[in-house]
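Chemist: Here you go, work_6.cif (mmCIF, C-alpha atoms):
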```
data_final
loop_
_atom_site.label_atom_id
_atom_site.label_comp_id
_atom_site.auth_asym_id
_atom_site.auth_seq_id
_atom_site.Cartn_x
_atom_site.Cartn_y
_atom_site.Cartn_z
CA ILE T 1 14.70 12.28 -2.05
CA PHE T 2 12.18 15.11 -1.78
CA LEU T 3 10.26 15.73 1.44
CA PRO T 4 7.19 17.69 0.29
CA ASP T 5 6.15 18.70 3.81
CA GLY T 6 9.70 18.95 5.20
CA ASN T 7 9.11 16.02 7.57
CA ALA T 8 11.69 13.21 7.36
CA ARG T 9 9.08 10.78 8.76
CA GLY T 10 6.38 11.89 6.34
CA VAL T 11 5.88 11.42 2.62
CA LYS T 12 9.08 10.89 0.61
CA ILE T 13 9.29 11.20 -3.15
CA ALA T 14 12.43 9.61 -4.53
CA GLU T 15 13.92 9.21 -7.95
CA ILE T 16 17.15 8.60 -9.76
CA THR T 17 17.21 11.64 -12.01
CA SER T 18 18.44 9.77 -15.10
CA ARG T 19 15.69 7.12 -14.79
CA THR T 20 11.95 7.22 -15.49
CA VAL T 21 10.70 5.52 -12.31
CA LEU T 22 9.40 7.69 -9.47
CA SER T 23 8.78 6.29 -6.00
CA ILE T 24 6.44 7.68 -3.38
CA LEU T 25 6.67 6.45 0.22
CA VAL T 26 3.47 7.18 2.10
CA PRO T 27 3.00 6.55 5.81
CA ARG T 28 -0.57 5.31 6.26
CA SER T 29 -1.29 8.26 8.54
CA GLU T 30 -0.47 10.62 5.64
CA LEU T 31 -2.77 9.01 3.08
CA SER T 32 -5.32 11.82 3.18
CA ASN T 33 -2.59 14.48 2.82
CA ILE T 34 -0.96 12.82 -0.20
CA SER T 35 -4.25 12.96 -2.10
CA LYS T 36 -3.56 16.66 -2.72
CA ARG T 37 -0.62 15.65 -4.95
CA ASP T 38 -0.86 14.15 -8.45
CA GLU T 39 1.87 11.48 -8.34
CA LEU T 40 -0.40 8.68 -7.14
CA ASN T 41 -3.14 9.31 -9.72
CA ASN T 42 -1.28 7.07 -12.11
CA VAL T 43 -0.73 3.49 -13.23
CA GLY T 44 1.76 1.85 -10.88
CA VAL T 45 2.94 -0.98 -8.74
CA TYR T 46 2.73 -0.63 -4.97
CA LEU T 47 3.94 -2.41 -1.85
CA LEU T 48 2.19 -2.27 1.52
CA PHE T 49 4.53 -2.83 4.46
CA GLY T 50 3.71 -3.80 8.02
CA GLN T 51 4.62 -6.18 10.82
CA VAL T 52 2.90 -8.92 12.76
CA ASP T 53 4.61 -10.54 15.75
CA SER T 54 7.90 -8.78 14.80
CA LYS T 55 7.84 -10.37 11.32
CA PRO T 56 7.93 -7.95 8.39
CA LEU T 57 5.00 -8.31 5.98
CA VAL T 58 4.43 -7.01 2.47
CA TYR T 59 1.55 -6.99 0.03
CA ILE T 60 2.50 -6.40 -3.62
CA GLY T 61 -0.10 -5.05 -6.04
CA GLU T 62 -0.73 -3.02 -9.16
CA ALA T 63 -3.34 -0.43 -10.02
CA GLU T 64 -4.50 1.87 -12.78
CA ASN T 65 -4.95 4.60 -10.16
CA CYS T 66 -2.70 3.95 -7.17
CA LEU T 67 -4.33 6.52 -4.89
CA ASN T 68 -7.78 4.94 -5.31
CA ARG T 69 -6.32 1.50 -4.66
CA LEU T 70 -4.51 2.65 -1.50
CA ARG T 71 -7.77 4.14 -0.25
CA GLN T 72 -9.45 0.75 -0.78
CA HIS T 73 -6.66 -1.02 1.11
CA ASN T 74 -6.92 1.56 3.89
CA LYS T 75 -10.44 0.27 4.54
CA SER T 76 -9.80 -3.45 3.97
CA LYS T 77 -6.26 -4.29 5.15
CA ASP T 78 -5.20 -3.67 8.74
CA PHE T 79 -1.56 -4.78 8.82
CA TRP T 80 0.18 -2.04 6.83
CA THR T 81 1.85 1.11 8.08
CA HIS T 82 3.56 2.33 4.89
CA ALA T 83 2.84 2.19 1.17
CA LEU T 84 5.63 2.40 -1.38
CA VAL T 85 4.37 3.24 -4.87
CA PHE T 86 6.27 3.19 -8.16
CA VAL T 87 5.02 5.09 -11.21
CA SER T 88 6.54 6.38 -14.43
CA LYS T 89 7.59 10.03 -14.51
CA THR T 90 6.73 10.04 -18.24
CA GLN T 91 3.42 8.10 -17.97
CA TYR T 92 5.12 5.34 -19.97
CA PHE T 93 3.69 2.40 -18.02
CA THR T 94 0.68 0.55 -19.38
CA LYS T 95 -1.42 -2.00 -17.54
CA THR T 96 0.71 -4.79 -19.08
CA HIS T 97 3.94 -3.12 -17.97
CA ILE T 98 2.65 -2.83 -14.42
CA LYS T 99 1.40 -6.42 -14.37
CA PHE T 100 4.90 -7.53 -15.43
CA LEU T 101 6.54 -5.38 -12.74
CA GLU T 102 4.08 -6.70 -10.13
CA TRP T 103 4.95 -10.27 -11.16
CA MET T 104 8.67 -9.51 -11.04
CA CYS T 105 8.46 -7.79 -7.64
CA PHE T 106 6.53 -10.74 -6.23
CA ASP T 107 8.86 -13.32 -7.78
CA VAL T 108 12.07 -11.66 -6.53
CA ALA T 109 10.63 -10.90 -3.06
CA ASN T 110 9.53 -14.54 -2.78
CA LYS T 111 13.01 -15.82 -3.73
CA VAL T 112 14.88 -13.37 -1.47
CA ASP T 113 12.54 -14.26 1.45
CA ARG T 114 13.13 -11.19 3.67
CA TYR T 115 9.41 -10.45 4.10
CA ILE T 116 6.30 -12.57 4.51
CA LEU T 117 4.17 -12.10 1.41
CA GLU T 118 0.55 -11.22 2.26
CA ASN T 119 -0.81 -11.76 -1.26
CA SER T 120 -3.64 -14.28 -1.49
CA ASN T 121 -3.28 -14.39 -5.30
CA ILE T 122 0.06 -15.00 -6.98
CA PRO T 123 0.66 -12.60 -9.89
CA THR T 124 1.20 -14.20 -13.29
CA LYS T 125 3.76 -13.14 -15.86
CA PRO T 126 2.06 -11.42 -18.80
CA HIS T 127 3.26 -12.01 -22.35
CA ILE T 128 5.42 -9.15 -23.59
CA SER T 129 8.09 -8.78 -26.24
CA GLU T 130 11.73 -9.41 -25.44
CA SER T 131 12.64 -5.74 -25.92
CA VAL T 132 9.89 -4.52 -23.58
CA GLU T 133 10.92 -7.14 -21.01
CA SER T 134 14.49 -5.83 -21.18
CA ASP T 135 13.28 -2.27 -20.54
CA LEU T 136 11.15 -3.44 -17.61
CA PHE T 137 14.11 -5.30 -16.08
CA ASP T 138 15.88 -1.93 -16.09
CA ASN T 139 12.83 -0.34 -14.42
CA PHE T 140 12.81 -3.13 -11.84
CA ASN T 141 16.47 -2.43 -11.00
CA THR T 142 15.47 1.17 -10.29
CA ILE T 143 12.60 -0.08 -8.10
CA LYS T 144 15.05 -2.31 -6.24
CA ILE T 145 17.48 0.55 -5.57
CA LEU T 146 14.78 3.03 -4.54
CA SER T 147 12.97 0.60 -2.22
CA SER T 148 16.20 -0.24 -0.42
CA THR T 149 17.20 3.44 -0.24
CA LEU T 150 13.86 4.24 1.39
CA GLY T 151 14.42 1.59 4.08
CA PHE T 152 12.71 -1.46 2.58
CA PRO T 153 15.37 -3.86 1.21
CA ILE T 154 12.73 -6.36 0.10
CA PHE T 155 14.53 -7.28 -3.14
CA ASP T 156 18.09 -7.37 -1.75
CA GLU T 157 19.57 -10.78 -1.14
CA ILE T 158 20.85 -11.36 2.37
CA ILE T 159 24.63 -11.16 2.19
CA LYS T 160 26.49 -13.15 4.79
CA SER T 161 29.49 -11.75 6.56
CA LYS T 162 32.83 -12.65 4.98
CA ASP T 163 34.34 -13.71 8.31
CA ASN T 164 31.53 -16.25 8.94
CA LYS T 165 31.11 -15.36 12.60
CA MET T 166 28.54 -17.62 14.20
CA ILE T 167 26.75 -16.73 17.44
CA TYR T 168 25.66 -19.51 19.78
CA CYS T 169 23.20 -19.22 22.63
CA LYS T 170 22.71 -22.13 24.99
CA GLY T 171 20.65 -22.10 28.14
CA LYS T 172 18.44 -24.27 30.27
CA ASP T 173 15.59 -24.41 27.76
CA ALA T 174 17.19 -22.56 24.87
CA HIS T 175 19.47 -23.38 22.00
CA ALA T 176 19.99 -20.96 19.13
CA VAL T 177 22.52 -20.34 16.41
CA GLY T 178 22.88 -17.06 14.49
CA GLU T 179 25.12 -15.69 11.80
CA TYR T 180 26.19 -12.12 11.16
CA ILE T 181 24.88 -10.75 7.88
CA GLU T 182 25.20 -7.39 6.13
CA ASP T 183 22.21 -6.06 8.13
CA GLY T 184 23.70 -7.14 11.47
#
```
Could I get this structure in the form of structure tokens?
Modeler:
Amino acid sequence: IFLPDGNARGVKIAEITSRTVLSILVPRSELSNISKRDELNNVGVYLLFGQVDSKPLVYIGEAENCLNRLRQHNKSKDFWTHALVFVSKTQYFTKTHIKFLEWMCFDVANKVDRYILENSNIPTKPHISESVESDLFDNFNTIKILSSTLGFPIFDEIIKSKDNKMIYCKGKDAHAVGEYIEDG
């Protein structure tokens, strides 16, 4: 994880050195500063994160130029505080590749159900060859690892505690049941 301005709360550029996917975490407040760098001027898939009423939200999208798209969302979407962008270090991704990764990100995030999906349109799976799909599954696994590493475990299934501890709360007008999971 590289901190270009030395600030642990600022822009973070992360990669697994043996993989081709590069991730860029951009706090919304740093959007104008990141425009001085080239990483976002690329085809990619991006996730916008925010919260409403203590519920985590995400918008999943794709773009031919991620920086331009983030600028558009900066004007049109109020909920987000961070953008997480994934591009290819080798400029390998095409529009079809990114549409497939957008579909996969949306599909897995929907199944895992950790975040409320803010997308008004549901991405569709583009037709690609079996070999390309296999490569993109590998790219998605890198996206999954990097997003979780950067603090957004959107694609990680919720793992329940092995000891199955249940928490009960009963009161005059309250009744709640909780279960310990990996996150607490």
Chemist: Give as an MDAnalysis selection string the residues that the PyMOL selection byres ((chain T and resi 116-119) around 8) matches when applied to the coordinates above.
Modeler: chainID T and resid 55:60 109:110 113:115 120:122
Chemist: May I have the residues within 9 Å of segment 126-140 of chain T as a ChimeraX atom specification, using all atoms listed in the file and disregarding those fewer than 6 positions away in the same chain?
Modeler: /T:19-21,96-97,99-101,103-105
Chemist: With only C-alpha atoms as the counted atoms, please give the residues lying no more than 10 Å from segment 38-47 of chain T, apart from itself and same-chain residues fewer than 6 positions off, as a ChimeraX atom specification.
Modeler: /T:13,21-25,57-70,80,82-89,91-95,97-103,105-106,143,147,152,154
Chemist: Expanded to explicit residues, what is the PyMOL selection byres ((chain T and resi 31) around 10) for this file, as a list in words?
Modeler: Val11, Val26, Pro27, Arg28, Ser29, Glu30, Ser32, Asn33, Ile34, Ser35, Lys36, Leu67, Leu70, Arg71, Asn74, His82 and Ala83 of chain T
Chemist: State, in Å with one decimal place, the distance from atom CA of Asp53 of chain T to atom CA of Ala176 of chain T.
Modeler: 18.9 Å
Chemist: Using only the atoms of segment 95-100 of chain T listed in the file, plus 4 Å on each side, state the axis-aligned box centre and edge lengths in Å rounded to one decimal, as AutoDock Vina command-line options.
Modeler:
```
--center_x 1.7 --center_y -4.8 --center_z -16.7 --size_x 14.3 --size_y 13.5 --size_z 12.7
```
Chemist: One decimal, in Å: what's the spacing between atom CA of Val177 of chain T and atom CA of Asp163 of chain T?
Modeler: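 Result for atom CA of Val177 of chain T versus atom CA of Asp163 of chain T: 15.8 Å, one decimal.
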Chemist: Rank nothing, just name the residue among T:Gly171, T:Ala14, T:His73, T:Gln51 nearest to Ser148 of chain T, using all atoms listed in the file.
Modeler: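 Ranking T:Gly171, T:Ala14, T:His73, T:Gln51 by distance to Ser148 of chain T, first place goes to T:Ala14.
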Chemist: Give the answer as one residue: which of T:Glu15, T:Asp5, T:Asp78, T:Asp107 has the shortest atom-to-atom distance to Phe155 of chain T, using only C-alpha atoms?
Modeler: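 Closest to Phe155 of chain T, using only C-alpha atoms: T:Asp107.
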Chemist: Between atom CA of Gly151 of chain T and atom CA of Ser76 of chain T, what is the spacing in Å?
Modeler: 24.7 Å
Chemist: Pick out the closest residue to Gly10 of chain T from this set: T:Val108, T:Leu150, T:Val52, T:Met166. Count all atoms listed in the file.
Modeler: T:Leu150
Chemist: Starting from the sparse input, extend segment 115-141 of chain T to N, CA and C atoms and give the output as a PDB file, in the coordinates of the input.
Modeler:
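Wrote selection.pdb, looks like this:
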```pdb
ATOM      1  N   TYR T 115      10.730 -10.851   3.609  1.00  0.00           N
ATOM      2  CA  TYR T 115       9.410 -10.450   4.100  1.00  0.00           C
ATOM      3  C   TYR T 115       8.426 -11.586   3.877  1.00  0.00           C
ATOM      4  N   ILE T 116       7.401 -11.638   4.717  1.00  0.00           N
ATOM      5  CA  ILE T 116       6.300 -12.570   4.510  1.00  0.00           C
ATOM      6  C   ILE T 116       5.353 -11.918   3.510  1.00  0.00           C
ATOM      7  N   LEU T 117       5.049 -12.634   2.438  1.00  0.00           N
ATOM      8  CA  LEU T 117       4.170 -12.100   1.410  1.00  0.00           C
ATOM      9  C   LEU T 117       2.710 -12.294   1.815  1.00  0.00           C
ATOM     10  N   GLU T 118       1.952 -11.208   1.834  1.00  0.00           N
ATOM     11  CA  GLU T 118       0.550 -11.220   2.260  1.00  0.00           C
ATOM     12  C   GLU T 118      -0.424 -11.424   1.106  1.00  0.00           C
ATOM     13  N   ASN T 119       0.067 -11.597  -0.101  1.00  0.00           N
ATOM     14  CA  ASN T 119      -0.810 -11.760  -1.260  1.00  0.00           C
ATOM     15  C   ASN T 119      -1.556 -13.083  -1.195  1.00  0.00           C
ATOM     16  N   SER T 120      -2.864 -13.040  -1.418  1.00  0.00           N
ATOM     17  CA  SER T 120      -3.640 -14.280  -1.490  1.00  0.00           C
ATOM     18  C   SER T 120      -3.614 -14.830  -2.917  1.00  0.00           C
ATOM     19  N   ASN T 121      -3.415 -13.969  -3.907  1.00  0.00           N
ATOM     20  CA  ASN T 121      -3.280 -14.390  -5.300  1.00  0.00           C
ATOM     21  C   ASN T 121      -1.842 -14.168  -5.752  1.00  0.00           C
ATOM     22  N   ILE T 122      -1.300 -15.128  -6.466  1.00  0.00           N
ATOM     23  CA  ILE T 122       0.060 -15.000  -6.980  1.00  0.00           C
ATOM     24  C   ILE T 122      -0.012 -14.369  -8.367  1.00  0.00           C
ATOM     25  N   PRO T 123       0.682 -13.241  -8.571  1.00  0.00           N
ATOM     26  CA  PRO T 123       0.660 -12.600  -9.890  1.00  0.00           C
ATOM     27  C   PRO T 123       1.229 -13.523 -10.970  1.00  0.00           C
ATOM     28  N   THR T 124       0.696 -13.413 -12.170  1.00  0.00           N
ATOM     29  CA  THR T 124       1.200 -14.200 -13.290  1.00  0.00           C
ATOM     30  C   THR T 124       1.971 -13.292 -14.238  1.00  0.00           C
ATOM     31  N   LYS T 125       2.913 -13.897 -14.926  1.00  0.00           N
ATOM     32  CA  LYS T 125       3.760 -13.140 -15.860  1.00  0.00           C
ATOM     33  C   LYS T 125       2.994 -12.927 -17.164  1.00  0.00           C
ATOM     34  N   PRO T 126       2.757 -11.664 -17.536  1.00  0.00           N
ATOM     35  CA  PRO T 126       2.060 -11.420 -18.800  1.00  0.00           C
ATOM     36  C   PRO T 126       3.014 -11.621 -19.988  1.00  0.00           C
ATOM     37  N   HIS T 127       2.455 -11.874 -21.138  1.00  0.00           N
ATOM     38  CA  HIS T 127       3.260 -12.010 -22.350  1.00  0.00           C
ATOM     39  C   HIS T 127       3.625 -10.628 -22.871  1.00  0.00           C
ATOM     40  N   ILE T 128       4.927 -10.401 -23.016  1.00  0.00           N
ATOM     41  CA  ILE T 128       5.420  -9.150 -23.590  1.00  0.00           C
ATOM     42  C   ILE T 128       6.602  -9.474 -24.490  1.00  0.00           C
ATOM     43  N   SER T 129       6.960  -8.555 -25.338  1.00  0.00           N
ATOM     44  CA  SER T 129       8.090  -8.780 -26.240  1.00  0.00           C
ATOM     45  C   SER T 129       9.409  -8.765 -25.464  1.00  0.00           C
ATOM     46  N   GLU T 130      10.413  -9.347 -26.074  1.00  0.00           N
ATOM     47  CA  GLU T 130      11.730  -9.410 -25.440  1.00  0.00           C
ATOM     48  C   GLU T 130      12.303  -8.019 -25.184  1.00  0.00           C
ATOM     49  N   SER T 131      12.090  -7.095 -26.100  1.00  0.00           N
ATOM     50  CA  SER T 131      12.640  -5.740 -25.920  1.00  0.00           C
ATOM     51  C   SER T 131      11.935  -4.998 -24.780  1.00  0.00           C
ATOM     52  N   VAL T 132      10.620  -5.162 -24.675  1.00  0.00           N
ATOM     53  CA  VAL T 132       9.890  -4.520 -23.580  1.00  0.00           C
ATOM     54  C   VAL T 132      10.313  -5.144 -22.248  1.00  0.00           C
ATOM     55  N   GLU T 133      10.474  -6.460 -22.233  1.00  0.00           N
ATOM     56  CA  GLU T 133      10.920  -7.140 -21.010  1.00  0.00           C
ATOM     57  C   GLU T 133      12.281  -6.600 -20.569  1.00  0.00           C
ATOM     58  N   SER T 134      13.177  -6.374 -21.502  1.00  0.00           N
ATOM     59  CA  SER T 134      14.490  -5.830 -21.180  1.00  0.00           C
ATOM     60  C   SER T 134      14.372  -4.440 -20.546  1.00  0.00           C
ATOM     61  N   ASP T 135      13.507  -3.598 -21.111  1.00  0.00           N
ATOM     62  CA  ASP T 135      13.280  -2.270 -20.540  1.00  0.00           C
ATOM     63  C   ASP T 135      12.711  -2.369 -19.135  1.00  0.00           C
ATOM     64  N   LEU T 136      11.778  -3.306 -18.924  1.00  0.00           N
ATOM     65  CA  LEU T 136      11.150  -3.440 -17.610  1.00  0.00           C
ATOM     66  C   LEU T 136      12.112  -4.017 -16.576  1.00  0.00           C
ATOM     67  N   PHE T 137      13.067  -4.842 -17.016  1.00  0.00           N
ATOM     68  CA  PHE T 137      14.110  -5.300 -16.080  1.00  0.00           C
ATOM     69  C   PHE T 137      14.910  -4.095 -15.591  1.00  0.00           C
ATOM     70  N   ASP T 138      15.181  -3.156 -16.480  1.00  0.00           N
ATOM     71  CA  ASP T 138      15.880  -1.930 -16.090  1.00  0.00           C
ATOM     72  C   ASP T 138      15.033  -1.121 -15.101  1.00  0.00           C
ATOM     73  N   ASN T 139      13.733  -1.021 -15.362  1.00  0.00           N
ATOM     74  CA  ASN T 139      12.830  -0.340 -14.420  1.00  0.00           C
ATOM     75  C   ASN T 139      12.807  -1.051 -13.080  1.00  0.00           C
ATOM     76  N   PHE T 140      12.813  -2.380 -13.098  1.00  0.00           N
ATOM     77  CA  PHE T 140      12.810  -3.130 -11.840  1.00  0.00           C
ATOM     78  C   PHE T 140      14.087  -2.841 -11.045  1.00  0.00           C
ATOM     79  N   ASN T 141      15.224  -2.744 -11.717  1.00  0.00           N
ATOM     80  CA  ASN T 141      16.470  -2.430 -11.000  1.00  0.00           C
ATOM     81  C   ASN T 141      16.375  -1.078 -10.306  1.00  0.00           C
TER      82      ASN T 141
END
```
